[in-house]
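One structure below.
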Amino acid sequence: MAATGELRGKVAIVTGGSRGIGRAMSLAFAAAGAQVVVASRTEHEPPPDSPFQKYGSGTINDTARRIAESGGEALPVVCDVTKPEDLRRLADRTVKHFGRIDIVVSNAGVDCESPVMDLEEDLLDRCLAVNIRGPILLCKYVLPAMVEQKGGGSIFCITSGASLGYREGRVGYSMSKAALERAYLSLAEEVREHDIAVNVLSPGRVDTWMNRHGDWPGTGHIPMEQPESINCAAVWLAAQKAATFTGQRVERADFGVTWGPGIPVPAP
Ligand SMILES: NC(=O)c1ccc[n+]([C@@H]2O[C@H](COP(=O)([O-])OP(=O)(O)OC[C@H]3O[C@@H](n4cnc5c(N)ncnc54)[C@H](OP(=O)(O)O)[C@@H]3O)[C@@H](O)[C@H]2O)c1
């Protein structure tokens, strides 16, 4: 891993760091010099005959090991974002281990695949708990340390194009991402005075467990990207503060075109 140094001296938390987009960002942050806390539920590999093994495989320990093998520093922390006590412990352990929190990425997310007429209440509740409640409580528990440090910082969440338009069978998922966006964009104003950036990043269509066979109805026209496609945009966002870039919903595909280094920031 060639360290770029862009995030040297910073401490980053990534939820959903065991696989997919979260794993790619964890490795990219470490390559840019950050110390990374890799947080999600999975500590051990699923058995080889698990469904979607190629995409489902991945653990917080494996991501942390990959970072260490590349010369970086990582701390795997078991965290179910639906459990407030896990989120509180995640913030506490980060401060205890690395002494500070500079970057927080709320990436953990789940689908909610069902027409509304057939929607099971448990599925909807889980989607709202992971995609909305968890990301807000995450901020509740990391912000005290970030504010106290007085150095500013960067928080962003991973949203979806589903927040802006119809996706067949995904009313619940679309709702959750739209609510998440509104919450984070409002939070941006709440913490602006502390120089903490809060932004929303949409990754496009990415080849992960969530997309399995790439068969989401109505998304076939969007190019399928590998998780690492997000790295440059994510590292740049992670380096921002409120003074430089906050309160923005941005598309990964537009990085370097409509937003990014040297590009004027639109008014929020
Ligand atoms: N793939 C796409 O095309 C696409 C497009 C737009 C947006 N997104 C968003 O991108 C984010 C990452 O998704 P992905 O595509 O990388 O999917 P993925 O491979 O399924 O990864 C999801 C991650 O979320 C974690 N997670 C799920 N439930 C959790 C919980 N209760 N507590 C803690 N962690 C939990 C999983 O870890 P554990 O199972 O170990 O807990 C896993 O690391 C999601 O927010 C998703 O909505 C994806």
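All residue names refer to the structure tokens as shown: chains lettered A, B, ... in order, residues numbered from 1 in each chain, ligands numbered from 1 in order.
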
At most 7 Å from ligand 1 (only C-alpha atoms and all ligand atoms): residue list as a VMD selection string:
chain A and resid 15 to 22 39 to 42 55 to 56 59 to 60 79 to 82 107 to 111 130 to 131 158 to 161 202 to 211

Can you tell me which residues surround segment 179-185 of chain A at a distance of at most 7 Å, considering only C-alpha atoms, apart from same-chain residues fewer than 6 positions away, and format the answer as a PyMOL selection string?
chain A and resi 131-132+159+198-200+247-248

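Residues within 9 Å of Pro261 of chain A, counting only C-alpha atoms and excluding same-chain residues fewer than 5 positions away, are A:Trp236, A:Phe255, A:Gly256.
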
Go ahead and dump the residues you just picked, N, CA and C atoms, as a PDB file, in the first residue's frame.
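As written to disk, part.pdb reads:
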ATOM      1  N   TRP A 236     -10.696  12.305  -0.298  1.00  0.00           N
ATOM      2  CA  TRP A 236     -10.775  13.783  -0.359  1.00  0.00           C
ATOM      3  C   TRP A 236     -11.831  14.305   0.614  1.00  0.00           C
ATOM      4  N   PHE A 255     -16.890  13.279  -9.034  1.00  0.00           N
ATOM      5  CA  PHE A 255     -15.691  13.747  -8.320  1.00  0.00           C
ATOM      6  C   PHE A 255     -14.639  14.205  -9.340  1.00  0.00           C
ATOM      7  N   GLY A 256     -14.121  15.400  -9.119  1.00  0.00           N
ATOM      8  CA  GLY A 256     -13.137  15.957 -10.052  1.00  0.00           C
ATOM      9  C   GLY A 256     -13.781  16.651 -11.239  1.00  0.00           C
TER      10      GLY A 256
END

Find the residues around Leu164 of chain A up to 10 Å (only C-alpha atoms counted), leave out those fewer than 3 positions away in its own chain, and share them as a list in words.
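Using only C-alpha atoms, the neighbours found are Ser160, Gly161, Arg167, Ser174, Met175, Lys177 and Ala178 of chain A.
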
Create the file for the chosen residues now, containing C-alpha atoms and written as a PDB file, in the first residue's frame.
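And here is the file that came out, selection17.pdb:
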ATOM      1  CA  SER A 160     -27.986   5.908  -2.870  1.00  0.00           C
ATOM      2  CA  GLY A 161     -29.545   7.148  -6.084  1.00  0.00           C
ATOM      3  CA  ARG A 167     -36.674   1.872  -7.645  1.00  0.00           C
ATOM      4  CA  SER A 174     -35.506   4.780  -0.853  1.00  0.00           C
ATOM      5  CA  MET A 175     -37.269   6.312   2.137  1.00  0.00           C
ATOM      6  CA  LYS A 177     -31.752   6.960   2.272  1.00  0.00           C
ATOM      7  CA  ALA A 178     -33.805  10.135   1.685  1.00  0.00           C
TER       8      ALA A 178
END

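The space between atom CA of Leu201 of chain A and atom CA of Ser26 of chain A spans 15.3 Å.
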